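S.K.: Pasting a structure below so you can have a look.
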Amino acid sequence: MSGDTITHEVPPTVVPTAGKRDTPFTASRAARELGLKRSEFDLAVSLGRIRTLPDEGGGGRRVARAEIERLRTQQGFPEALRERVMTVGTGDAARIMEVSGARFTRLARLGLLVPVAFYLNRYRAVVWLYLAGDVRDFAAGPENASLLKRPLPEGLRDQLDAGVDLRARNWRGRQLGFLLRQAADDPWERAAAVASLLDPLQVSEIVGDPYERAQLNRLRPRPPAHGAPGSPAAHLAERITTAQDADEIDWLRADLARAVEEARTHRPAPRPAPRHTQRTPVHAPHPWPTGTPGQPEHPERPDHLGHHDHQNHHGHQNRRDHQNRHGHQGRHDRLRRSERPARSEPSPRTGHRDRSHGLLGRLFRRGA
């Protein structure tokens with residue numbers, strides 16, 4: 001047997017770091033871990049059934065792993081949690097209360113039942129949703145028995161005849177409570193929650209500083225989208241989510257002014273850093289000294305120069321004049337030379353005549 005032994009190194013077991021185990025879940029992941037639909041999860045967060053943490057990276061709310069474990073250990077999970085966030089429409093709510101749909105609608109318009117959510121159907125009709133637990137509690141209350149079985153009192157009938165409908169306003173009030181609960185740690189987020197229910201013109205009248213308005217817009221919670229931007233459905237949803245009644249607007253304006261003042265005291269709104277720009281170099285001297293007593297601020301000629309500088313100035317001027325005169329004269333002479341006609345070559349006939357005269361002259365001279 002050979003003395004060489006072959007050994008295989010066993011790789012170390014990978015142990016997850018504590019940082020990974022402590023990383024909170026995103027909203028979508030937390031909904032899957034709890035066996036909830038995303039709409040059910042969002043409503044549970046709004047109702048305070050699920051505690052969330054702010055995301056430091058700006059990606060929305062997150063859920064700690066310890067919170068997921070706490071909910072899982074509750075009795076009846078997950079059916080009990082899903083029951084607490086169950087919503088019903090008008091038809092199902094009427095069946096729970098054992099009344100007609102018309103009577104339930106009248107009670108909701110009077111504000112006796114507060115909707116928790118809404119959506120627009122394909123006909124752009126508003127469908128209000130109510131917590132099933134709230135409907136059951138209202139039906140079980142002995143003080144409400146007369147409202148379920150007997151004709152409504154005359155005062156309530158007068159309000160209905162006048163067209164009162166408090167469903168949208170009550171939804172806004174409940175929505176504001178949800179937003180303030182989630183923004184309990186930041187005064188600017190609380191102010192932005194109040195501003196989200198007001199028209200932007202109302203906000204600009206209360207908050208005059210543009211940087212504070214920008215801070216509110218950045219933190220302003222966005223309601224769920226209903227239809228494409230600018231569509232009739234989007235305009236209808238915007239009307240529902242914006243305060244309409246005069247007393248409601250006044251109350252929200254006062255609340256916004258108080259919230260902004262508190263946020264301003266807690267932490268000023270962020271502003272851009274001042275830009276320090278310098279138009280002229282620090283060490284560049286001014287071409288002419290200004291502010292000298294007895295001298296004009298902008299002299300037309302250098303009368304303030306010294307005697308030496310004055311002579312240099314005139315010396316340079318004389319040399320430039322001399323160069324200019326001689327330069328002009330030289331260019332003039334070159335122009336005259338260029339305008340002289342060039343010496344033409346003798347034509348063939350003229351050249352023959354000249355040659356003939358030269359030959360006869362030599363003969364005459366030779367004969368003489």
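Every chain in the structure tokens takes a letter, A first, then B, and so on in the order presented; its residues are numbered from 1, and the ligands are numbered from 1 following the presented order.
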Let's see if you can do this: from backbone DSSP, list all alpha helix (DSSP H) residues in segment 44-197 of chain A, as a count of residues only.
M.R.: 81
S.K.: Could you name the residues that touch segment 125-127 of chain A at 10 Å or less, counting only C-alpha atoms, but leaving out those on the same chain fewer than 3 positions away, as number ranges by chain?
M.R.: A: 89-90, 115, 117-122, 233, 236-237, 240
S.K.: Would you mind reading off the distance between atom CA of Ala44 of chain A and atom CA of Phe77 of chain A, one decimal, in Å?
M.R.: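 So the two atoms, atom CA of Ala44 of chain A and atom CA of Phe77 of chain A, lie 13.9 Å apart.
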